[in-house]
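Undergrad: This is structure-v2.txt, which holds compact mmCIF, C-alpha atoms and all ligand atoms:
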# COMPACT_ATOMS: atom_id res chain seq x y z
CA MET A 1 88.35 61.74 111.51
CA ASN A 2 92.08 62.32 111.75
CA PRO A 3 93.33 63.70 108.45
CA ILE A 4 96.28 62.24 106.56
CA TYR A 5 97.87 65.64 106.63
CA LEU A 6 100.32 66.16 103.77
CA ASP A 7 99.87 69.92 103.38
CA ASN A 8 102.47 71.22 105.79
CA ASN A 9 103.68 73.98 103.45
CA ALA A 10 100.21 75.54 103.81
CA THR A 11 100.26 75.33 107.57
CA THR A 12 101.44 72.93 110.25
CA ARG A 13 100.01 71.30 113.31
CA VAL A 14 100.79 73.32 116.43
CA ALA A 15 103.06 71.03 118.45
CA PRO A 16 101.47 69.98 121.79
CA GLU A 17 104.50 71.42 123.64
CA VAL A 18 103.84 74.75 121.95
CA ILE A 19 100.17 74.80 122.97
CA GLU A 20 101.11 74.03 126.53
CA ALA A 21 103.70 76.82 126.60
CA MET A 22 101.15 79.34 125.30
CA LEU A 23 98.21 78.59 127.60
CA PRO A 24 99.26 80.69 130.63
CA TYR A 25 99.26 83.86 128.49
CA PHE A 26 95.55 83.46 127.76
CA GLY A 27 94.97 83.13 131.52
CA GLU A 28 96.87 84.31 134.54
CA ARG A 29 99.95 85.70 132.73
CA TYR A 30 98.13 88.55 131.02
CA GLY A 31 100.58 91.31 131.95
CA ASN A 32 101.81 93.85 129.44
CA PRO A 33 105.56 93.37 128.95
CA SER A 34 106.05 97.16 128.72
CA SER A 35 104.61 97.78 132.21
CA MET A 36 106.81 99.00 135.07
CA HIS A 37 105.45 96.47 137.57
CA ALA A 38 106.82 93.00 138.13
CA PHE A 39 103.58 91.40 136.88
CA GLY A 40 104.31 92.76 133.40
CA GLY A 41 108.06 92.41 133.82
CA ASP A 42 107.71 88.67 134.27
CA VAL A 43 106.08 88.44 130.86
CA ALA A 44 108.87 90.62 129.39
CA ALA A 45 111.34 88.05 130.70
CA ASP A 46 109.37 85.27 129.02
CA LEU A 47 109.51 87.16 125.73
CA ARG A 48 113.28 87.54 126.08
CA ARG A 49 113.54 83.78 126.49
CA ALA A 50 111.45 83.24 123.34
CA ARG A 51 113.59 85.73 121.42
CA ASN A 52 116.75 83.93 122.55
CA ARG A 53 115.38 80.58 121.40
CA LEU A 54 114.47 81.89 117.97
CA ALA A 55 117.82 83.68 117.64
CA GLU A 56 119.58 80.45 118.51
CA LEU A 57 117.75 78.56 115.76
CA LEU A 58 119.00 81.12 113.22
CA GLY A 59 122.49 81.73 114.54
CA ALA A 60 121.41 85.34 115.10
CA LYS A 61 121.68 87.75 118.02
CA PRO A 62 118.49 88.27 120.04
CA ASP A 63 118.48 92.00 119.18
CA GLU A 64 118.39 91.10 115.48
CA ILE A 65 114.91 89.54 115.84
CA VAL A 66 111.80 91.69 115.25
CA PHE A 67 108.50 89.95 115.98
CA THR A 68 105.74 90.67 113.45
CA SER A 69 102.22 89.37 112.85
CA CYS A 70 103.08 86.92 110.03
CA GLY A 71 105.44 86.00 107.24
CA THR A 72 103.70 88.40 104.90
CA GLU A 73 104.26 91.34 107.26
CA SER A 74 107.93 90.38 107.60
CA ASP A 75 108.36 90.36 103.80
CA SER A 76 106.61 93.70 103.37
CA THR A 77 108.53 95.27 106.25
CA ALA A 78 111.89 94.24 104.78
CA ILE A 79 111.17 95.43 101.26
CA TRP A 80 109.51 98.70 102.28
CA SER A 81 112.29 99.44 104.75
CA ALA A 82 114.90 99.21 101.99
CA LEU A 83 112.84 101.35 99.61
CA ARG A 84 112.09 104.04 102.20
CA THR A 85 115.62 104.34 103.59
CA GLN A 86 117.10 104.65 100.08
CA PRO A 87 114.54 106.80 98.24
CA GLU A 88 116.99 107.53 95.42
CA ARG A 89 117.10 103.83 94.53
CA ARG A 90 113.97 102.89 92.56
CA HIS A 91 114.84 99.35 91.46
CA PHE A 92 113.74 96.09 93.09
CA ILE A 93 114.89 92.63 92.06
CA THR A 94 113.11 89.39 92.88
CA SER A 95 112.33 86.04 91.24
CA ARG A 96 109.43 84.86 89.12
CA VAL A 97 108.52 82.15 91.61
CA GLU A 98 108.09 84.02 94.90
CA HIS A 99 105.18 83.48 97.27
CA PRO A 100 102.34 86.00 96.72
CA ALA A 101 103.58 87.83 99.84
CA VAL A 102 106.52 89.10 97.74
CA LYS A 103 105.18 88.62 94.22
CA ASN A 104 102.07 90.74 94.63
CA LEU A 105 104.00 93.52 96.35
CA ALA A 106 106.55 93.40 93.49
CA GLU A 107 103.75 93.71 90.93
CA TRP A 108 102.26 96.63 92.83
CA LEU A 109 105.65 98.35 92.93
CA ALA A 110 106.05 97.81 89.18
CA GLN A 111 102.70 99.54 88.62
CA ASN A 112 103.55 102.39 90.95
CA GLY A 113 106.72 103.91 89.62
CA TYR A 114 109.38 101.39 90.63
CA ARG A 115 111.46 99.38 88.22
CA VAL A 116 111.18 95.68 89.06
CA THR A 117 113.19 92.78 87.68
CA PHE A 118 111.77 89.27 87.91
CA VAL A 119 114.62 86.76 87.62
CA PRO A 120 113.61 83.67 85.63
CA VAL A 121 114.10 80.01 86.50
CA ASP A 122 114.78 77.08 84.16
CA ALA A 123 112.67 73.97 83.59
CA ASP A 124 114.08 72.37 86.75
CA GLY A 125 113.22 75.43 88.83
CA ARG A 126 116.85 76.58 89.07
CA LEU A 127 117.35 80.35 89.42
CA ASP A 128 119.29 82.10 86.64
CA VAL A 129 122.09 83.47 88.81
CA ASP A 130 123.84 85.20 85.86
CA TYR A 131 120.64 87.07 85.06
CA PHE A 132 120.37 88.08 88.71
CA LYS A 133 123.96 89.32 88.70
CA LYS A 134 123.57 91.26 85.46
CA HIS A 135 120.50 93.10 86.72
CA LEU A 136 121.97 94.35 89.99
CA THR A 137 122.64 98.06 89.50
CA GLU A 138 123.49 101.15 91.51
CA GLU A 139 119.79 101.90 91.46
CA THR A 140 118.85 98.61 93.13
CA ALA A 141 117.51 99.18 96.64
CA ILE A 142 117.07 95.55 97.59
CA ALA A 143 116.96 92.03 96.21
CA SER A 144 114.43 89.60 97.67
CA ILE A 145 114.83 85.93 96.76
CA MET A 146 113.15 83.10 98.62
CA TRP A 147 115.22 80.39 100.32
CA GLY A 148 112.96 77.40 99.59
CA ASN A 149 110.02 77.39 97.20
CA ASN A 150 106.68 76.63 98.85
CA GLU A 151 105.31 74.77 95.80
CA THR A 152 108.26 72.72 94.54
CA GLY A 153 110.62 72.81 97.52
CA VAL A 154 113.47 73.93 95.23
CA MET A 155 116.09 75.82 97.22
CA PHE A 156 117.97 78.81 95.88
CA PRO A 157 121.64 79.62 96.60
CA VAL A 158 120.75 82.55 98.83
CA GLU A 159 124.18 82.83 100.45
CA GLU A 160 125.78 83.20 97.02
CA LEU A 161 123.16 85.78 95.99
CA ALA A 162 123.62 87.68 99.25
CA ALA A 163 127.40 87.80 98.65
CA LEU A 164 126.85 89.16 95.10
CA CYS A 165 124.58 91.86 96.53
CA HIS A 166 127.01 92.71 99.30
CA GLU A 167 129.85 93.25 96.75
CA ARG A 168 127.64 95.75 94.93
CA GLY A 169 126.26 97.51 97.99
CA VAL A 170 122.74 96.16 97.49
CA MET A 171 120.63 94.94 100.42
CA PHE A 172 119.56 91.30 100.38
CA HIS A 173 116.38 89.87 101.90
CA THR A 174 115.21 86.27 101.80
CA ASP A 175 111.75 84.87 102.39
CA ALA A 176 112.82 81.84 104.42
CA VAL A 177 109.33 80.96 105.62
CA GLN A 178 109.63 77.44 104.17
CA ALA A 179 113.29 76.92 105.01
CA VAL A 180 113.40 77.82 108.70
CA GLY A 181 113.11 74.68 110.78
CA LYS A 182 113.68 72.36 107.82
CA VAL A 183 117.27 73.12 106.89
CA PRO A 184 120.09 74.40 109.10
CA ILE A 185 120.54 78.18 108.99
CA ASP A 186 123.46 80.09 110.46
CA LEU A 187 123.19 83.83 110.02
CA SER A 188 126.33 84.49 112.03
CA HIS A 189 128.36 83.54 108.93
CA SER A 190 126.17 85.11 106.27
CA ARG A 191 125.76 88.16 104.05
CA ILE A 192 121.96 88.06 104.34
CA ASP A 193 120.68 91.41 105.65
CA MET A 194 117.07 90.46 106.37
CA LEU A 195 115.18 87.16 106.62
CA SER A 196 111.47 86.43 107.06
CA LEU A 197 109.87 83.51 108.88
CA SER A 198 106.40 82.55 110.06
CA GLY A 199 105.21 80.71 113.16
CA HIS A 200 102.51 78.55 111.61
CA LYS A 201 104.89 77.00 109.08
CA LEU A 202 107.07 75.53 111.83
CA HIS A 203 104.57 74.03 114.28
CA GLY A 204 103.93 77.34 115.99
CA PRO A 205 100.70 79.35 116.05
CA LYS A 206 99.21 81.43 113.26
CA GLY A 207 99.41 85.21 113.38
CA ILE A 208 103.04 85.46 114.46
CA GLY A 209 106.13 85.94 112.37
CA ALA A 210 109.57 87.40 112.70
CA LEU A 211 111.98 89.43 110.66
CA TYR A 212 115.70 89.03 111.21
CA VAL A 213 117.43 92.38 110.68
CA ARG A 214 121.22 92.22 110.76
CA GLU A 215 122.69 94.61 113.31
CA ARG A 216 123.57 98.06 111.95
CA THR A 217 121.20 97.60 108.98
CA THR A 218 119.46 100.87 108.14
CA PHE A 219 115.83 100.20 108.98
CA ALA A 220 112.50 101.97 108.71
CA PRO A 221 109.58 100.51 110.68
CA PHE A 222 106.41 99.44 108.89
CA LEU A 223 104.22 100.20 111.93
CA ARG A 224 105.00 103.34 113.91
CA GLY A 225 103.65 103.89 117.41
CA GLY A 226 104.88 102.54 120.73
CA HIS A 227 108.45 101.54 121.48
CA GLN A 228 107.97 97.79 121.25
CA GLU A 229 110.64 95.79 119.46
CA GLN A 230 113.08 98.69 120.04
CA GLY A 231 110.91 100.95 117.94
CA ARG A 232 111.10 98.64 114.95
CA ARG A 233 107.52 97.30 115.18
CA ALA A 234 104.93 99.13 117.25
CA GLY A 235 101.97 97.43 118.90
CA THR A 236 101.59 95.54 122.17
CA GLU A 237 103.33 92.20 121.80
CA ASN A 238 101.29 89.09 121.01
CA THR A 239 102.73 87.48 124.11
CA ALA A 240 101.14 84.02 123.81
CA ALA A 241 102.13 83.72 120.15
CA ILE A 242 105.68 84.97 120.74
CA VAL A 243 106.17 82.45 123.54
CA GLY A 244 104.67 79.82 121.20
CA LEU A 245 107.05 80.78 118.40
CA GLY A 246 109.98 80.54 120.80
CA ARG A 247 108.89 77.07 121.88
CA ALA A 248 108.32 76.09 118.23
CA ALA A 249 111.86 77.22 117.38
CA GLN A 250 113.13 74.85 120.05
CA PHE A 251 110.84 72.08 118.74
CA VAL A 252 112.11 72.31 115.16
CA ALA A 253 115.72 72.55 116.34
CA GLU A 254 115.22 69.30 118.25
CA HIS A 255 113.63 67.66 115.18
CA MET A 256 115.96 69.05 112.50
CA ALA A 257 117.88 65.78 112.19
CA GLU A 258 114.67 63.76 111.95
CA GLU A 259 113.31 66.13 109.29
CA ASN A 260 116.39 65.49 107.18
CA THR A 261 116.44 61.72 107.64
CA ARG A 262 113.10 60.11 108.46
CA VAL A 263 110.86 62.78 106.89
CA ARG A 264 113.08 63.05 103.82
CA ALA A 265 112.96 59.25 103.43
CA LEU A 266 109.15 59.30 103.72
CA ARG A 267 108.98 62.02 101.06
CA ASP A 268 111.29 60.02 98.78
CA ARG A 269 109.29 56.84 99.28
CA LEU A 270 106.06 58.66 98.43
CA GLU A 271 107.62 60.26 95.36
CA ASN A 272 109.33 57.13 94.03
CA GLY A 273 106.30 54.99 94.81
CA LEU A 274 104.02 57.25 92.77
CA LEU A 275 106.48 57.50 89.87
CA LYS A 276 106.66 53.71 89.79
CA ARG A 277 102.93 53.06 90.10
CA VAL A 278 101.58 55.79 87.80
CA PRO A 279 102.83 56.20 84.21
CA ASP A 280 103.41 59.67 82.71
CA THR A 281 104.17 61.23 86.07
CA TYR A 282 106.90 63.79 86.73
CA VAL A 283 108.48 65.51 89.69
CA ASN A 284 108.59 69.29 89.31
CA GLY A 285 112.07 70.41 90.33
CA ALA A 286 113.49 66.88 90.26
CA GLY A 287 117.21 66.67 90.69
CA GLN A 288 117.43 70.04 92.45
CA ASP A 289 118.40 70.70 96.00
CA ARG A 290 114.96 70.65 97.64
CA LEU A 291 113.38 71.07 101.06
CA PRO A 292 113.35 67.62 102.66
CA ASN A 293 109.57 67.57 103.16
CA THR A 294 108.23 68.72 99.78
CA THR A 295 107.40 67.08 96.47
CA SER A 296 105.40 68.51 93.58
CA ILE A 297 104.21 65.78 91.27
CA GLY A 298 102.65 66.34 87.86
CA PHE A 299 100.19 63.71 86.65
CA ASP A 300 99.73 64.18 82.94
CA ALA A 301 96.24 64.87 81.54
CA VAL A 302 94.25 65.15 84.80
CA GLU A 303 92.93 68.10 86.81
CA GLY A 304 94.64 68.78 90.13
CA GLU A 305 91.37 69.86 91.75
CA ALA A 306 89.70 66.58 90.79
CA ILE A 307 92.57 64.63 92.33
CA LEU A 308 92.31 66.67 95.54
CA LEU A 309 88.56 66.10 95.82
CA MET A 310 88.92 62.37 95.35
CA MET A 311 91.79 62.13 97.85
CA ASP A 312 89.75 64.19 100.30
CA ARG A 313 87.25 61.31 100.57
CA TYR A 314 90.01 59.29 102.21
CA GLY A 315 90.97 62.21 104.42
CA ILE A 316 94.16 62.86 102.44
CA CYS A 317 95.08 66.56 102.52
CA ALA A 318 97.42 67.94 99.87
CA SER A 319 97.29 70.93 97.55
CA SER A 320 97.30 71.62 93.84
CA GLY A 321 99.57 73.95 91.97
CA SER A 322 96.83 75.70 90.08
CA ALA A 323 95.37 78.99 91.10
CA CYS A 324 91.82 77.74 91.54
CA THR A 325 91.19 80.30 94.27
CA SER A 326 91.64 83.13 91.80
CA GLY A 327 88.95 81.58 89.63
CA SER A 328 91.33 81.35 86.70
CA LEU A 329 92.22 78.22 84.82
CA GLU A 330 95.87 79.19 84.81
CA PRO A 331 98.26 76.85 86.56
CA SER A 332 100.44 78.34 89.26
CA HIS A 333 102.92 81.06 88.36
CA VAL A 334 105.69 78.82 89.70
CA LEU A 335 104.98 75.97 87.29
CA ARG A 336 104.43 78.45 84.44
CA ALA A 337 107.80 80.06 85.18
CA MET A 338 109.32 76.57 84.89
CA ASN A 339 107.60 76.04 81.54
CA VAL A 340 105.94 72.88 82.81
CA PRO A 341 103.72 71.61 79.95
CA PHE A 342 100.09 72.65 80.28
CA THR A 343 98.61 69.17 80.79
CA ARG A 344 101.14 68.34 83.50
CA ALA A 345 100.96 71.68 85.31
CA HIS A 346 97.19 71.31 85.66
CA GLY A 347 97.62 67.88 87.18
CA SER A 348 100.30 68.90 89.68
CA ILE A 349 99.86 68.04 93.33
CA ARG A 350 102.07 69.24 96.16
CA PHE A 351 102.64 66.89 99.05
CA SER A 352 104.39 68.47 102.03
CA LEU A 353 105.21 66.32 105.03
CA SER A 354 106.24 66.93 108.62
CA VAL A 355 107.61 65.04 111.60
CA PHE A 356 104.00 64.16 112.48
CA ASN A 357 103.69 61.93 109.39
CA THR A 358 104.15 58.18 109.53
CA ASP A 359 104.81 55.30 107.16
CA ALA A 360 101.10 54.49 107.27
CA ASP A 361 100.29 57.92 105.76
CA VAL A 362 102.53 57.24 102.78
CA ASP A 363 101.18 53.69 102.42
CA LEU A 364 97.63 55.03 102.21
CA VAL A 365 98.47 57.50 99.44
CA LEU A 366 100.37 54.84 97.51
CA GLU A 367 97.31 52.60 97.76
CA LYS A 368 94.56 55.13 97.02
CA LEU A 369 96.06 57.58 94.57
CA PRO A 370 97.08 55.39 91.56
CA PRO A 371 93.51 54.14 90.92
CA ILE A 372 92.23 57.72 91.29
CA ILE A 373 94.59 58.90 88.55
CA GLU A 374 93.64 55.98 86.36
CA ARG A 375 89.91 56.74 86.67
CA LEU A 376 90.39 60.43 86.01
CA ARG A 377 92.52 59.73 82.97
CA GLN A 378 89.88 57.50 81.48
CA MET A 379 87.54 60.50 81.59
CA SER A 380 90.11 63.02 80.40
CA PRO A 381 90.00 64.47 76.87
CA PHE A 382 93.77 65.05 77.17
CA TRP A 383 94.61 61.43 77.86
CA LYS A 384 95.99 59.62 74.88
CA GLY A 385 94.16 56.32 75.29
CA PRO A 386 93.35 53.45 77.62
CA SER A 387 96.32 51.41 76.39
CA GLN A 388 98.59 53.85 78.15
CA VAL A 389 96.84 53.31 81.43
CA ALA A 390 97.22 49.58 81.37
CA CYS A 391 100.67 49.31 79.87
CA PRO A 392 103.29 48.90 82.58
CA THR A 393 106.85 49.99 81.85
CA THR A 394 109.28 47.11 81.88
C1 LIG B 1 103.19 80.83 104.02
C2 LIG B 1 104.25 81.63 103.33
C3 LIG B 1 104.31 83.03 103.48
C4 LIG B 1 103.28 83.81 104.25
O1 LIG B 1 103.35 83.59 105.63
P1 LIG B 1 102.07 84.03 106.52
O2 LIG B 1 102.54 83.89 107.91
O3 LIG B 1 100.98 83.09 106.17
O4 LIG B 1 101.76 85.44 106.15
C5 LIG B 1 105.32 83.71 102.85
N1 LIG B 1 106.25 83.06 102.13
C6 LIG B 1 106.24 81.73 101.96
C7 LIG B 1 107.30 81.07 101.16
C8 LIG B 1 105.24 80.97 102.56
O5 LIG B 1 105.22 79.66 102.38
I need this file expressed as structure tokens, please.

TA:
Amino acid sequence: MNPIYLDNNATTRVAPEVIEAMLPYFGERYGNPSSMHAFGGDVAADLRRARNRLAELLGAKPDEIVFTSCGTESDSTAIWSALRTQPERRHFITSRVEHPAVKNLAEWLAQNGYRVTFVPVDADGRLDVDYFKKHLTEETAIASIMWGNNETGVMFPVEELAALCHERGVMFHTDAVQAVGKVPIDLSHSRIDMLSLSGHKLHGPKGIGALYVRERTTFAPFLRGGHQEQGRRAGTENTAAIVGLGRAAQFVAEHMAEENTRVRALRDRLENGLLKRVPDTYVNGAGQDRLPNTTSIGFDAVEGEAILLMMDRYGICASSGSACTSGSLEPSHVLRAMNVPFTRAHGSIRFSLSVFNTDADVDLVLEKLPPIIERLRQMSPFWKGPSQVACPTT
């Protein structure tokens, strides 16, 4: 069965063009790009082409791209580089709503002798920029603030934050894993020092990421060894995946306009359709500048996991905001940071679309989901009464 795949912030379908571009590197093009012979040199040329394509997507120079194994490695590399090259600076500043790739490193740093500031957000998911500004000090090694939130889609003013950091001589990194490919990015006119991205979030393969490092940025490699990536990331290149990421960069560049028109309209139709059909339903981060593909919807008084299981029967793939994987009953740290009421946070579902979605996908959710919520509410101890299910708003 073909899934109705609305979980593109978790991972994306590898575009057919990308698969095709990668195949030769699992077969006849197995050369090592560092070799002296032409057989390897040909592959080195292919990697240069991939690097150019990715650089073009970002408005960066090819030499500013360091290929890594994933978004998580890119985030860690950036933050550790800043801490290691400025050992006298023991302060790190980030937000309360980062992806675990940054959040869990920040918590580890806080427990291991670093001072860490977690900048709060308001009920709409907006970052407290004044708080950020006030907590930048001469001790701050680096600030790391995500570009677009993976759960709510809320975008932060990273250019403004980068400029504030630049004025104070603080390095600025952004986890742009969700933003790259969805919104235009031009690093040639930017104060951002480092930026992370990941292949599998933009229709490329899993296990490949990149870190943009602005030229002349002081940098310490995370992996030491061979001279790959100009000594900035040792290890024989994942040639197939790098070529795939390069092709994916081209794919998302070609579909950027569609993402911001057709996909955004699909997202809006899904969101507005659910708000209209289901009472006591809220959009987390409503009214904010958001990624065009993402909506996080809170259905009062139901369990997100129950909704997911019931949607799964129809092949509908989405994700819930609660941390069920950790075995806790706590809703996600993002929704908690936004002070989303308990009964709504637990019933929050993230839908994240892509250019592979169609009107029929949205129609199916609009047909199947409202009765699911109604049934679950009738069983819920938190639901106020059956009258509220039946009563339409006029
Ligand atoms: C998925 C994601 C990551 C991690 O990327 P991987 O390639 O899976 O390691 C980091 N940050 C954000 C915002 C993400 O959505």

Undergrad: Need the shell around segment 89-101 of chain A: protein/DNA/RNA residues with any atom at most 8 Å away, counting only C-alpha atoms. Skip same-chain ones fewer than 6 positions apart. Format as a PyMOL selection string?

TA: chain A and resi 71-72+75-76+83+113-121+127+132+135-136+138-146+149-150+333-334+337

Undergrad: So, with all atoms listed in the file as the atoms that count, which of A:Leu202, A:His189, A:Arg84, A:Thr281 lies closest to Pro221 of chain A?

TA: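 Among A:Leu202, A:His189, A:Arg84, A:Thr281, it is A:Arg84 that comes nearest to Pro221 of chain A.
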
Undergrad: Do you know which residues are within 9 Å of ligand LIG 1 (chain B) using all atoms listed in the file? Can you write them as number ranges by chain?

TA: A: 9-11, 69-75, 98-102, 146-151, 175-179, 196-201, 206-209

Undergrad: Please dump the current selection as a tab-separated table (two decimals), in the frame of the given file; keep C-alpha atoms.

TA:
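Below you can see part.tsv, which holds the result:
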chain	number	residue	atom	x	y	z
A	9	ASN	CA	103.68	73.98	103.45
A	10	ALA	CA	100.21	75.54	103.81
A	11	THR	CA	100.26	75.33	107.57
A	69	SER	CA	102.22	89.37	112.85
A	70	CYS	CA	103.08	86.92	110.03
A	71	GLY	CA	105.44	86.00	107.24
A	72	THR	CA	103.70	88.40	104.90
A	73	GLU	CA	104.26	91.34	107.26
A	74	SER	CA	107.93	90.38	107.60
A	75	ASP	CA	108.36	90.36	103.80
A	98	GLU	CA	108.09	84.02	94.90
A	99	HIS	CA	105.18	83.48	97.27
A	100	PRO	CA	102.34	86.00	96.72
A	101	ALA	CA	103.58	87.83	99.84
A	102	VAL	CA	106.52	89.10	97.74
A	146	MET	CA	113.15	83.10	98.62
A	147	TRP	CA	115.22	80.39	100.32
A	148	GLY	CA	112.96	77.40	99.59
A	149	ASN	CA	110.02	77.39	97.20
A	150	ASN	CA	106.68	76.63	98.85
A	151	GLU	CA	105.31	74.77	95.80
A	175	ASP	CA	111.75	84.87	102.39
A	176	ALA	CA	112.82	81.84	104.42
A	177	VAL	CA	109.33	80.96	105.62
A	178	GLN	CA	109.63	77.44	104.17
A	179	ALA	CA	113.29	76.92	105.01
A	196	SER	CA	111.47	86.43	107.06
A	197	LEU	CA	109.87	83.51	108.88
A	198	SER	CA	106.40	82.55	110.06
A	199	GLY	CA	105.21	80.71	113.16
A	200	HIS	CA	102.51	78.55	111.61
A	201	LYS	CA	104.89	77.00	109.08
A	206	LYS	CA	99.21	81.43	113.26
A	207	GLY	CA	99.41	85.21	113.38
A	208	ILE	CA	103.04	85.46	114.46
A	209	GLY	CA	106.13	85.94	112.37

Undergrad: For Ala21 of chain A, which residue among A:Asn260, A:Thr358, A:Thr294, A:Gln250 is the nearest when counting only C-alpha atoms?

TA: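 Of all the options, A:Gln250 lies closest to Ala21 of chain A.
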
Undergrad: So the first atom is atom CA of Ala318 of chain A and the second is atom CA of Phe351 of chain A; what is the distance between them in Å, to one decimal place?

TA: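 Separation between atom CA of Ala318 of chain A and atom CA of Phe351 of chain A: 5.4 Å.
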
Undergrad: Would you compute the distance between atom CA of Lys384 of chain A and atom CA of His346 of chain A? Give it in Å to one decimal.

TA: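 Taking atom CA of Lys384 of chain A and atom CA of His346 of chain A, their separation equals 15.9 Å.
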
Undergrad: A:Arg233, A:Arg350, A:Lys103, A:Lys182: which is nearest Leu211 of chain A, counting all atoms listed in the file?

TA: A:Arg233

Undergrad: Quick one: of A:Met1, A:Leu366, A:Ile185, A:Val158, who's nearest to Leu275 of chain A, counting all atoms listed in the file?

TA: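 Nearest candidate to Leu275 of chain A out of A:Met1, A:Leu366, A:Ile185, A:Val158: A:Leu366.
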
Undergrad: Between A:Thr68, A:Ser188, A:Thr137, A:Asn32, which is the closest to Glu56 of chain A once you count all atoms listed in the file?

TA: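 With all atoms listed in the file as the atom set, the closest residue is A:Ser188.
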
Undergrad: With only C-alpha atoms counted, which protein, DNA or RNA residues have an atom no more than 10 Å from (93.3, 56.9, 88.8) in the file frame? Please answer as a ChimeraX atom specification.

TA: /A:278,299,302,307,310,368-379,389

Undergrad: Residues at most 10 Å from Pro184 of chain A, counting all atoms listed in the file, excluding those fewer than 5 positions away in the same chain, as a PyMOL selection string?

TA: chain A and resi 57-59+179+253+256-257+260

Undergrad: What does the distance from atom CA of Asp124 of chain A to atom CA of Leu195 of chain A come to in Å, to one decimal?

TA: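 Result for atom CA of Asp124 of chain A versus atom CA of Leu195 of chain A: 24.8 Å, one decimal.
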
Undergrad: Name the residues, using the chain letters and numbers of the file, that sit within 10 Å of (95.8, 69.7, 89.4) when counting all atoms listed in the file, and give them as JSON, numbers by chain.

TA: {"A": [297, 298, 299, 300, 301, 302, 303, 304, 305, 306, 307, 308, 319, 320, 321, 322, 323, 324, 331, 332, 343, 344, 345, 346, 347, 348, 349, 350]}

Undergrad: Of the residues A:Ser380, A:Tyr314, A:Phe219, A:His203, which is the one nearest to Asn8 of chain A, using only C-alpha atoms?

TA: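 Checking each candidate against Asn8 of chain A, we get A:His203 as the closest.
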